[in-house]
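Below: data.cif (mmCIF, C-alpha atoms)
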```cif
data_target
#
loop_
_atom_site.label_atom_id
_atom_site.label_comp_id
_atom_site.auth_asym_id
_atom_site.auth_seq_id
_atom_site.Cartn_x
_atom_site.Cartn_y
_atom_site.Cartn_z
CA MET A 1 -55.11 -77.68 -4.82
CA TRP A 2 -51.48 -77.55 -3.81
CA LEU A 3 -50.35 -76.24 -7.20
CA PRO A 4 -51.55 -72.62 -6.89
CA VAL A 5 -50.11 -72.42 -3.37
CA LEU A 6 -46.79 -73.76 -4.58
CA GLY A 7 -46.80 -71.28 -7.48
CA LEU A 8 -47.54 -68.42 -5.12
CA VAL A 9 -44.73 -69.45 -2.78
CA ILE A 10 -42.27 -69.78 -5.67
CA GLY A 11 -43.34 -66.41 -7.04
CA ILE A 12 -42.98 -64.69 -3.68
CA THR A 13 -39.55 -66.18 -2.99
CA LEU A 14 -38.43 -65.20 -6.47
CA GLY A 15 -39.65 -61.66 -5.94
CA LEU A 16 -38.00 -61.36 -2.54
CA LEU A 17 -34.74 -62.80 -3.78
CA THR A 18 -34.47 -60.46 -6.74
CA ASP A 19 -35.01 -57.55 -4.34
CA MET A 20 -36.76 -55.54 -7.00
CA SER A 21 -38.79 -52.48 -6.16
CA VAL A 22 -41.01 -50.10 -8.03
CA PRO A 23 -40.61 -46.30 -8.02
CA HIS A 24 -42.87 -44.54 -5.58
CA GLU A 25 -45.03 -43.00 -8.32
CA TYR A 26 -45.99 -46.39 -9.70
CA GLN A 27 -46.70 -47.99 -6.37
CA ASN A 28 -50.43 -47.35 -6.70
CA TYR A 29 -50.58 -49.10 -10.03
CA LEU A 30 -48.72 -52.10 -8.75
CA SER A 31 -50.91 -52.44 -5.70
CA ILE A 32 -54.04 -52.38 -7.80
CA ALA A 33 -52.53 -54.84 -10.26
CA VAL A 34 -51.73 -57.16 -7.37
CA LEU A 35 -55.31 -56.90 -6.20
CA ALA A 36 -56.59 -57.69 -9.69
CA ALA A 37 -54.26 -60.67 -9.94
CA LEU A 38 -55.42 -62.01 -6.59
CA ASP A 39 -59.03 -61.56 -7.62
CA THR A 40 -58.48 -63.47 -10.82
CA LEU A 41 -56.65 -66.24 -8.99
CA ILE A 42 -59.40 -66.71 -6.44
CA GLY A 43 -61.94 -66.56 -9.24
CA GLY A 44 -60.01 -69.25 -11.07
CA ILE A 45 -59.97 -71.48 -8.01
CA ARG A 46 -63.69 -71.05 -7.57
CA ALA A 47 -64.36 -71.86 -11.22
CA GLN A 48 -62.16 -74.91 -10.88
CA LEU A 49 -64.15 -76.10 -7.88
CA GLN A 50 -67.44 -75.49 -9.71
CA ASN A 51 -66.07 -77.28 -12.77
CA LEU A 52 -66.54 -74.14 -14.87
CA PHE A 53 -62.86 -73.50 -15.38
CA ASN A 54 -61.93 -72.19 -18.82
CA GLU A 55 -58.30 -71.53 -19.47
CA LYS A 56 -58.88 -68.78 -22.02
CA ILE A 57 -61.21 -66.87 -19.73
CA PHE A 58 -58.81 -67.27 -16.86
CA VAL A 59 -55.68 -66.06 -18.66
CA SER A 60 -57.40 -63.27 -20.54
CA GLY A 61 -59.17 -62.23 -17.34
CA PHE A 62 -55.90 -62.11 -15.46
CA PHE A 63 -54.15 -59.76 -17.86
CA PHE A 64 -57.21 -57.78 -18.86
CA ASN A 65 -58.18 -57.08 -15.26
CA ILE A 66 -54.67 -55.98 -14.38
CA ILE A 67 -54.47 -53.66 -17.37
CA LEU A 68 -57.95 -52.28 -16.78
CA ALA A 69 -57.26 -51.61 -13.10
CA ALA A 70 -53.95 -49.93 -13.85
CA SER A 71 -55.44 -47.77 -16.58
CA LEU A 72 -58.30 -46.82 -14.29
CA ALA A 73 -55.79 -45.74 -11.67
CA PHE A 74 -53.87 -43.82 -14.34
CA LEU A 75 -57.02 -42.05 -15.48
CA GLY A 76 -57.84 -41.27 -11.87
CA VAL A 77 -54.45 -39.68 -11.31
CA HIS A 78 -54.90 -37.47 -14.35
CA LEU A 79 -58.46 -36.50 -13.56
CA GLY A 80 -57.67 -35.81 -9.93
CA VAL A 81 -60.28 -38.34 -8.80
CA ASP A 82 -59.20 -41.39 -6.86
CA LEU A 83 -60.64 -43.74 -9.46
CA TYR A 84 -58.43 -46.58 -8.34
CA LEU A 85 -60.72 -46.82 -5.34
CA ALA A 86 -63.42 -48.04 -7.73
CA ALA A 87 -61.17 -50.87 -8.82
CA VAL A 88 -60.23 -51.59 -5.21
CA PHE A 89 -63.89 -51.75 -4.26
CA ALA A 90 -64.91 -53.95 -7.20
CA PHE A 91 -62.04 -56.37 -6.73
CA GLY A 92 -62.42 -56.42 -2.99
CA VAL A 93 -66.10 -57.27 -3.14
CA ARG A 94 -65.50 -59.96 -5.72
CA LEU A 95 -62.62 -61.34 -3.71
CA PHE A 96 -64.83 -61.77 -0.68
CA GLN A 97 -67.67 -63.27 -2.68
CA ASN A 98 -65.41 -65.75 -4.39
CA ILE A 99 -63.77 -66.75 -1.14
CA ALA A 100 -67.22 -67.26 0.41
CA VAL A 101 -68.27 -69.46 -2.49
CA ILE A 102 -65.04 -71.47 -2.23
CA ARG A 103 -65.60 -71.91 1.49
CA ARG A 104 -69.13 -73.17 0.97
CA ILE A 105 -68.07 -75.56 -1.76
CA LEU A 106 -65.27 -76.92 0.39
CA LEU A 107 -67.61 -77.28 3.36
CA THR A 108 -70.22 -79.21 1.38
CA LYS A 109 -67.50 -81.40 -0.08
CA TRP A 110 -66.15 -82.06 3.36
CA ASP A 111 -69.62 -82.84 4.71
CA GLN A 112 -70.26 -85.25 1.87
CA LYS A 113 -66.93 -86.92 2.50
CA ARG A 114 -67.82 -87.44 6.15
CA LYS A 115 -71.26 -88.78 5.24
CA ASN A 116 -69.72 -91.17 2.77
CA GLU A 117 -67.24 -92.33 5.40
CA LYS A 118 -70.07 -92.90 7.89
CA GLU A 119 -72.16 -94.80 5.37
CA SER A 120 -69.28 -96.95 4.40
CA MET B 1 -58.17 -80.35 -14.54
CA LYS B 2 -56.21 -80.85 -17.69
CA LYS B 3 -52.46 -80.81 -17.53
CA LYS B 4 -52.21 -77.73 -19.72
CA ASN B 5 -54.64 -75.91 -17.47
CA LYS B 6 -52.59 -76.80 -14.46
CA ILE B 7 -49.42 -75.45 -15.97
CA MET B 8 -51.13 -72.24 -16.94
CA PHE B 9 -52.57 -71.85 -13.47
CA PHE B 10 -49.15 -72.49 -12.00
CA LEU B 11 -47.50 -69.87 -14.16
CA ILE B 12 -50.15 -67.30 -13.39
CA THR B 13 -49.82 -67.92 -9.67
CA ILE B 14 -46.06 -67.49 -9.94
CA LEU B 15 -46.61 -64.18 -11.69
CA ALA B 16 -49.09 -63.05 -9.05
CA GLY B 17 -46.72 -64.06 -6.28
CA PHE B 18 -43.92 -62.19 -7.96
CA MET B 19 -46.02 -59.04 -8.14
CA LEU B 20 -47.00 -59.45 -4.53
CA ALA B 21 -43.38 -59.78 -3.48
CA ILE B 22 -42.36 -56.69 -5.43
CA GLN B 23 -45.15 -54.72 -3.85
CA PHE B 24 -44.03 -55.93 -0.46
CA ASN B 25 -40.46 -54.92 -1.22
CA THR B 26 -41.52 -51.47 -2.29
CA THR B 27 -43.60 -50.72 0.77
CA HIS B 28 -41.00 -52.28 3.03
CA GLN B 29 -38.22 -50.09 1.68
CA GLU B 30 -40.22 -46.96 2.33
CA ASN B 31 -40.80 -48.05 5.87
CA ASN B 32 -37.09 -48.52 6.30
CA ILE B 33 -36.40 -44.99 5.17
CA THR B 34 -38.83 -43.45 7.61
CA ASP B 35 -37.72 -45.71 10.42
CA ASP B 36 -34.66 -43.86 11.65
CA THR B 37 -34.19 -45.42 15.05
CA SER B 38 -30.87 -43.87 15.96
CA ASP B 39 -31.15 -42.33 19.40
CA LEU B 40 -29.69 -39.16 20.82
CA TRP B 41 -26.27 -40.61 21.58
CA GLU B 42 -25.83 -42.08 18.17
CA LEU B 43 -26.76 -38.76 16.64
CA ARG B 44 -24.33 -37.05 18.99
CA GLN B 45 -21.61 -39.44 17.92
CA GLN B 46 -22.33 -38.76 14.29
CA TYR B 47 -22.34 -35.04 14.92
CA LEU B 48 -19.01 -35.29 16.71
CA SER B 49 -17.36 -37.15 13.88
CA GLU B 50 -18.71 -34.68 11.34
CA LYS B 51 -17.45 -31.87 13.51
CA GLU B 52 -13.99 -33.40 13.56
CA LEU B 53 -14.10 -33.54 9.81
CA GLU B 54 -15.06 -29.89 9.75
CA THR B 55 -12.11 -28.86 11.94
CA TYR B 56 -9.83 -30.86 9.71
CA PHE B 57 -11.09 -29.02 6.68
CA HIS B 58 -10.74 -25.71 8.45
CA GLN B 59 -7.13 -26.51 9.21
CA GLN B 60 -6.54 -27.36 5.60
CA ILE B 61 -8.10 -24.10 4.48
CA ARG B 62 -5.97 -22.14 6.91
CA GLN B 63 -2.80 -23.80 5.70
CA SER B 64 -3.70 -23.06 2.11
CA GLU B 65 -4.43 -19.47 2.95
CA ASP B 66 -1.09 -19.12 4.72
CA LYS B 67 0.59 -20.43 1.64
CA ILE B 68 -1.27 -18.00 -0.55
CA ALA B 69 -0.19 -15.15 1.70
CA GLN B 70 3.41 -16.33 1.48
CA TYR B 71 3.28 -16.41 -2.27
CA GLU B 72 1.71 -12.97 -2.30
CA THR B 73 4.50 -11.44 -0.22
CA GLU B 74 7.14 -13.14 -2.33
CA ARG B 75 5.62 -11.88 -5.50
CA HIS B 76 5.25 -8.47 -3.98
CA ASN B 77 8.92 -8.34 -3.03
CA ARG B 78 10.05 -9.41 -6.43
CA ASN B 79 8.24 -7.29 -8.97
CA GLY B 80 5.51 -5.64 -6.95
CA GLN B 81 6.94 -2.14 -7.19
CA VAL B 82 5.89 -1.58 -10.77
CA LEU B 83 2.43 -2.87 -10.05
CA GLN B 84 2.21 -0.70 -6.97
CA ASP B 85 3.16 2.36 -8.99
CA THR B 86 0.53 1.60 -11.58
CA LEU B 87 -2.01 1.07 -8.85
CA ASN B 88 -1.14 4.43 -7.32
CA GLU B 89 -1.48 6.14 -10.66
CA LEU B 90 -4.82 4.56 -11.27
CA LYS B 91 -5.96 5.48 -7.79
CA LYS B 92 -4.93 9.06 -8.38
CA GLU B 93 -6.87 9.09 -11.60
CA ALA B 94 -9.91 7.54 -9.98
CA GLY B 95 -9.84 10.07 -7.17
CA LEU B 96 -8.81 7.79 -4.36
CA LYS B 97 -5.64 9.79 -3.59
CA GLU B 98 -5.11 13.31 -2.43
CA ILE B 99 -4.04 15.51 -5.25
CA SER B 100 -2.46 18.95 -5.47
CA GLY B 101 -1.74 21.31 -8.29
CA PRO B 102 -2.58 24.67 -9.80
CA GLY B 103 -6.21 25.60 -9.94
CA ILE B 104 -9.00 27.95 -8.98
CA ILE B 105 -11.49 28.11 -6.16
CA LEU B 106 -15.12 29.05 -6.64
CA SER B 107 -16.87 30.11 -3.51
CA ILE B 108 -20.62 30.25 -3.36
CA THR B 109 -22.22 32.51 -0.79
CA PRO B 110 -25.83 33.38 -0.20
CA ALA B 111 -26.73 36.81 -1.56
CA TYR B 112 -28.23 38.07 1.68
CA GLU B 113 -29.36 41.32 0.20
CA TYR B 114 -31.81 39.41 -1.99
CA ILE B 115 -33.05 36.98 0.58
CA THR B 116 -36.34 38.10 1.99
CA PRO B 117 -36.77 37.79 5.73
CA GLY B 118 -38.52 34.59 6.68
CA GLN B 119 -37.01 32.64 3.86
CA SER B 120 -35.20 30.12 5.95
CA LYS B 121 -33.09 27.98 3.76
CA VAL B 122 -30.68 28.68 1.01
CA TYR B 123 -31.24 26.20 -1.73
CA ILE B 124 -28.49 24.94 -3.95
CA SER B 125 -29.92 23.27 -6.97
CA PRO B 126 -28.28 19.92 -7.72
CA ASP B 127 -29.01 20.46 -11.40
CA VAL B 128 -27.01 23.65 -11.46
CA LEU B 129 -24.18 21.98 -9.56
CA ARG B 130 -24.12 19.17 -12.07
CA LYS B 131 -24.11 21.65 -14.89
CA LEU B 132 -21.18 23.43 -13.28
CA ILE B 133 -19.24 20.19 -12.92
CA ASN B 134 -19.92 19.26 -16.51
CA GLU B 135 -18.68 22.62 -17.65
CA LEU B 136 -15.56 22.42 -15.50
CA ASN B 137 -14.77 18.98 -16.87
CA MET B 138 -15.33 20.23 -20.37
CA TYR B 139 -12.76 22.98 -19.90
CA GLY B 140 -10.04 20.70 -18.61
CA ALA B 141 -10.55 20.27 -14.88
CA LYS B 142 -8.51 17.38 -13.55
CA ALA B 143 -9.99 17.10 -10.09
CA ILE B 144 -12.94 18.80 -8.43
CA SER B 145 -14.11 18.95 -4.86
CA ILE B 146 -17.25 20.50 -3.44
CA ALA B 147 -16.97 21.40 0.24
CA ASP B 148 -13.95 19.10 0.42
CA GLN B 149 -15.92 16.25 -1.06
CA ARG B 150 -14.00 14.82 -3.95
CA ILE B 151 -16.05 14.48 -7.09
CA ILE B 152 -15.38 11.23 -8.91
CA SER B 153 -17.12 9.57 -11.80
CA THR B 154 -19.66 7.85 -9.60
CA THR B 155 -20.42 10.80 -7.36
CA THR B 156 -24.08 11.53 -6.88
CA ILE B 157 -25.44 15.01 -6.38
CA ARG B 158 -29.02 14.78 -5.26
CA ASN B 159 -31.67 16.60 -3.41
CA ILE B 160 -32.54 14.42 -0.45
CA GLN B 161 -35.38 15.69 1.71
CA GLY B 162 -34.84 19.30 0.84
CA GLU B 163 -31.08 19.19 1.25
CA THR B 164 -28.65 18.98 -1.57
CA LYS B 165 -26.13 16.25 -0.86
CA VAL B 166 -22.92 15.27 -2.52
CA ASP B 167 -22.41 11.56 -2.00
CA GLY B 168 -24.58 11.82 1.06
CA TYR B 169 -22.73 14.81 2.52
CA PRO B 170 -25.10 17.74 2.98
CA LEU B 171 -24.09 21.15 1.65
CA ARG B 172 -24.99 23.40 4.57
CA LYS B 173 -21.99 25.54 5.33
CA PHE B 174 -21.39 28.76 3.49
CA PRO B 175 -19.32 29.88 1.77
CA LEU B 176 -19.30 26.75 -0.23
CA GLU B 177 -15.90 26.16 -1.74
CA ILE B 178 -15.53 24.40 -5.02
CA LYS B 179 -11.90 23.60 -5.72
CA ILE B 180 -10.75 22.81 -9.19
CA ILE B 181 -7.33 21.56 -10.24
CA ALA B 182 -6.08 21.42 -13.79
CA ASN B 183 -2.96 19.90 -15.30
CA ASP B 184 -1.02 23.11 -15.92
CA HIS B 185 -1.18 26.85 -15.56
CA GLU B 186 -2.43 27.40 -19.07
CA THR B 187 -5.41 25.18 -18.60
CA VAL B 188 -6.09 26.89 -15.29
CA LYS B 189 -6.09 30.23 -16.99
CA LYS B 190 -8.41 28.97 -19.69
CA LEU B 191 -10.66 27.55 -17.06
CA TYR B 192 -10.66 30.85 -15.22
CA ASN B 193 -11.59 32.73 -18.35
CA GLN B 194 -14.31 30.28 -19.22
CA MET B 195 -15.78 30.61 -15.76
CA GLN B 196 -15.87 34.35 -16.14
CA ILE B 197 -18.16 34.10 -19.16
CA SER B 198 -20.04 31.04 -18.02
CA THR B 199 -23.80 31.18 -17.46
CA VAL B 200 -23.56 29.01 -14.37
CA PRO B 201 -23.14 31.95 -11.95
CA ASP B 202 -26.37 33.36 -13.39
CA ASP B 203 -28.08 30.07 -12.73
CA PHE B 204 -26.87 30.20 -9.14
CA PHE B 205 -28.04 33.78 -8.86
CA ILE B 206 -31.60 32.69 -9.58
CA ASP B 207 -31.37 30.77 -6.31
CA ASN B 208 -30.01 33.86 -4.55
CA LEU B 209 -26.46 32.61 -4.55
CA LYS B 210 -23.38 34.56 -5.47
CA VAL B 211 -20.40 32.92 -7.09
CA SER B 212 -16.96 34.43 -6.71
CA ILE B 213 -14.12 33.09 -8.74
CA SER B 214 -10.65 33.27 -7.30
CA GLU B 215 -7.58 34.16 -9.30
CA PRO B 216 -5.61 31.13 -10.52
CA GLN B 217 -3.60 29.76 -7.64
CA GLU B 218 -0.35 27.87 -7.61
CA GLU B 219 -1.15 25.10 -5.22
CA ILE B 220 -4.54 23.75 -4.27
CA ILE B 221 -4.98 20.52 -2.37
CA ILE B 222 -8.00 18.36 -3.13
CA PRO B 223 -8.68 15.53 -0.68
CA ALA B 224 -9.14 11.93 -1.64
CA TYR B 225 -12.53 10.38 -2.10
CA SER B 226 -13.53 9.38 1.40
CA SER B 227 -15.83 6.40 0.99
CA SER B 228 -15.19 3.29 -1.00
CA VAL B 229 -16.13 3.09 -4.63
CA SER B 230 -18.75 0.48 -5.33
CA VAL B 231 -18.79 -0.84 -8.84
CA ASN B 232 -22.16 -2.27 -9.69
CA HIS B 233 -22.51 -2.39 -13.39
CA MET B 234 -19.09 -3.47 -14.53
CA GLN B 235 -17.71 -6.86 -15.32
CA THR B 236 -14.28 -8.07 -16.22
CA VAL B 237 -13.98 -8.85 -19.88
CA LYS B 238 -13.39 -12.50 -20.51
CA GLU B 239 -10.52 -13.18 -22.85
CA GLU B 240 -11.64 -14.58 -26.12
CA ARG B 241 -10.01 -17.72 -27.27
CA LYS B 242 -8.24 -17.49 -30.51
#
```

Would it be possible to restate this file's structure as structure tokens?
Amino acid sequence: MWLPVLGLVIGITLGLLTDMSVPHEYQNYLSIAVLAALDTLIGGIRAQLQNLFNEKIFVSGFFFNIILAASLAFLGVHLGVDLYLAAVFAFGVRLFQNIAVIRRILLTKWDQKRKNEKES
Amino acid sequence: MKKKNKIMFFLITILAGFMLAIQFNTTHQENNITDDTSDLWELRQQYLSEKELETYFHQQIRQSEDKIAQYETERHNRNGQVLQDTLNELKKEAGLKEISGPGIILSITPAYEYITPGQSKVYISPDVLRKLINELNMYGAKAISIADQRIISTTTIRNIQGETKVDGYPLRKFPLEIKIIANDHETVKKLYNQMQISTVPDDFFIDNLKVSISEPQEEIIIPAYSSSVSVNHMQTVKEERK
């Protein structure tokens, strides 16, 4: 469980240290890509907890979601419709659902642990 | 979780964190730009320093201009005379200097005997005036003035709101004197003869105007062109490189 957190911290420090920034025009794409990445990560954690984790699905999902979200935003810009909102909505909803599932799983695990401790 | 899975997960999280950090950087930078927190006194200070810079530059400009003026006077003292002479000649030719010489005077007066009562204004047609000037130039006129208005190459003769105007000067007073100067007496004589047989007086007569042509005179003074000449459609020729 500590590995993803450590990775995230390392990634963030790396990003802050390099002091990179994206041109203003591409900021939308990056934000949506970040959202997609977060969604995939949380999804991965959930799958891991449910013992459904598949590396191929995870990696392909990560990149595919990012690309799809960015291209949706791109299409939206060219059509004059804020299509990236669709991606934001989809990812946001999934993010919340996944987090809820993770919370429940953790809670049941914790409860079981306490029961086991009591019994023993 | 398998070891390979863990590594992959780790890498992906690093990537995600990296993206997050970049996004944070980007938004943070924009905030910095909009967050100008300098207060009035700081702005004042900045303004003052810029102002000092401005005065400094002004001083520099003034010094340079003084120098240019110095050089100008020096050059002028050295070999300016020739240039000045040429300039005067050119000015004379362009009509910016008073000129005198032999010539004739045409005076245009209303033919009152033909003007019916109630006809208020005497009309001088600008077309006929232009025709007259063309003819005079054709027969060797060097300088022309209409009602003491020097005619130069850019002079306009137009009918503006019912009044004929030469370069904006209305032709109201009669007799209207048209002075013509030519280079020498012979040309003046030729001019005089040409005017005698010219059809222009007939054209004026249609407008109830009489034209009297004076005998060739020895000395006629034509004033300089009064306003400044504006050159709109000319450019200096750039020297071609060989």

Using all atoms listed in the file and a distance of at most 10 Å, pull out the residues of chain B that contact chain A, as a PyMOL selection string.
chain B and resi 1-2+4-30

Please evaluate the PyMOL selection byres ((chain A and resi 103-119) around 9) against the displayed coordinates and give the resulting residues as a ChimeraX atom specification.
/A:46,49-50,98-102,120

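Checking B:Thr86, B:Thr187, B:Gln81, B:Asn208 one by one against Tyr112 (chain B), counting only C-alpha atoms, you find the shortest gap at B:Asn208.
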
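Interatomic distance, CA of Glu163 (chain B) to CA of Tyr123 (chain B): 7.6 Å.
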
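If you apply the PyMOL selection byres ((chain A and resi 90) around 12) to this structure, you end up with Ile32, Leu35, Ala36, Asp39, Asn65, Leu68, Ala69, Leu83, Tyr84, Leu85, Ala86, Ala87, Val88, Phe89, Phe91, Gly92, Val93, Arg94, Leu95, Phe96 and Gln97 of chain A.
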
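The two atoms in question, CA of Ser198 (chain B) and CA of Ile105 (chain B), are spaced 14.9 Å apart.
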
Is there a way to get, as a PDB file with C-alpha atoms, in the coordinates of the input, all residues within 9 Å of the point (-8.2, 34.7, -8.3) in file coordinates, counting all atoms listed in the file?
```
ATOM      1  CA  ILE B 104      -9.000  27.950  -8.980  1.00  0.00           C
ATOM      2  CA  ILE B 105     -11.490  28.110  -6.160  1.00  0.00           C
ATOM      3  CA  TYR B 192     -10.660  30.850 -15.220  1.00  0.00           C
ATOM      4  CA  SER B 212     -16.960  34.430  -6.710  1.00  0.00           C
ATOM      5  CA  ILE B 213     -14.120  33.090  -8.740  1.00  0.00           C
ATOM      6  CA  SER B 214     -10.650  33.270  -7.300  1.00  0.00           C
ATOM      7  CA  GLU B 215      -7.580  34.160  -9.300  1.00  0.00           C
ATOM      8  CA  PRO B 216      -5.610  31.130 -10.520  1.00  0.00           C
ATOM      9  CA  GLN B 217      -3.600  29.760  -7.640  1.00  0.00           C
TER      10      GLN B 217
END
```

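The spacing separating CA of Val188 (chain B) from CA of Asp167 (chain B) amounts to 26.0 Å.
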
Quick one: residues within 7 Å of region 134-150 of chain B, only C-alpha atoms, excluding same-chain residues fewer than 6 positions away - as a ChimeraX atom specification?
/B:176-183,187,191,222-225

How big is the axis-aligned box, and where does its centre sit, when it encloses all atoms of region 60-66 of chain A listed in the file and has 3 Å added on every side, reported in Å to one decimal as JSON?
```
{"center_x": -56.7, "center_y": -59.6, "center_z": -17.5, "size_x": 11.0, "size_y": 13.3, "size_z": 12.2}
```
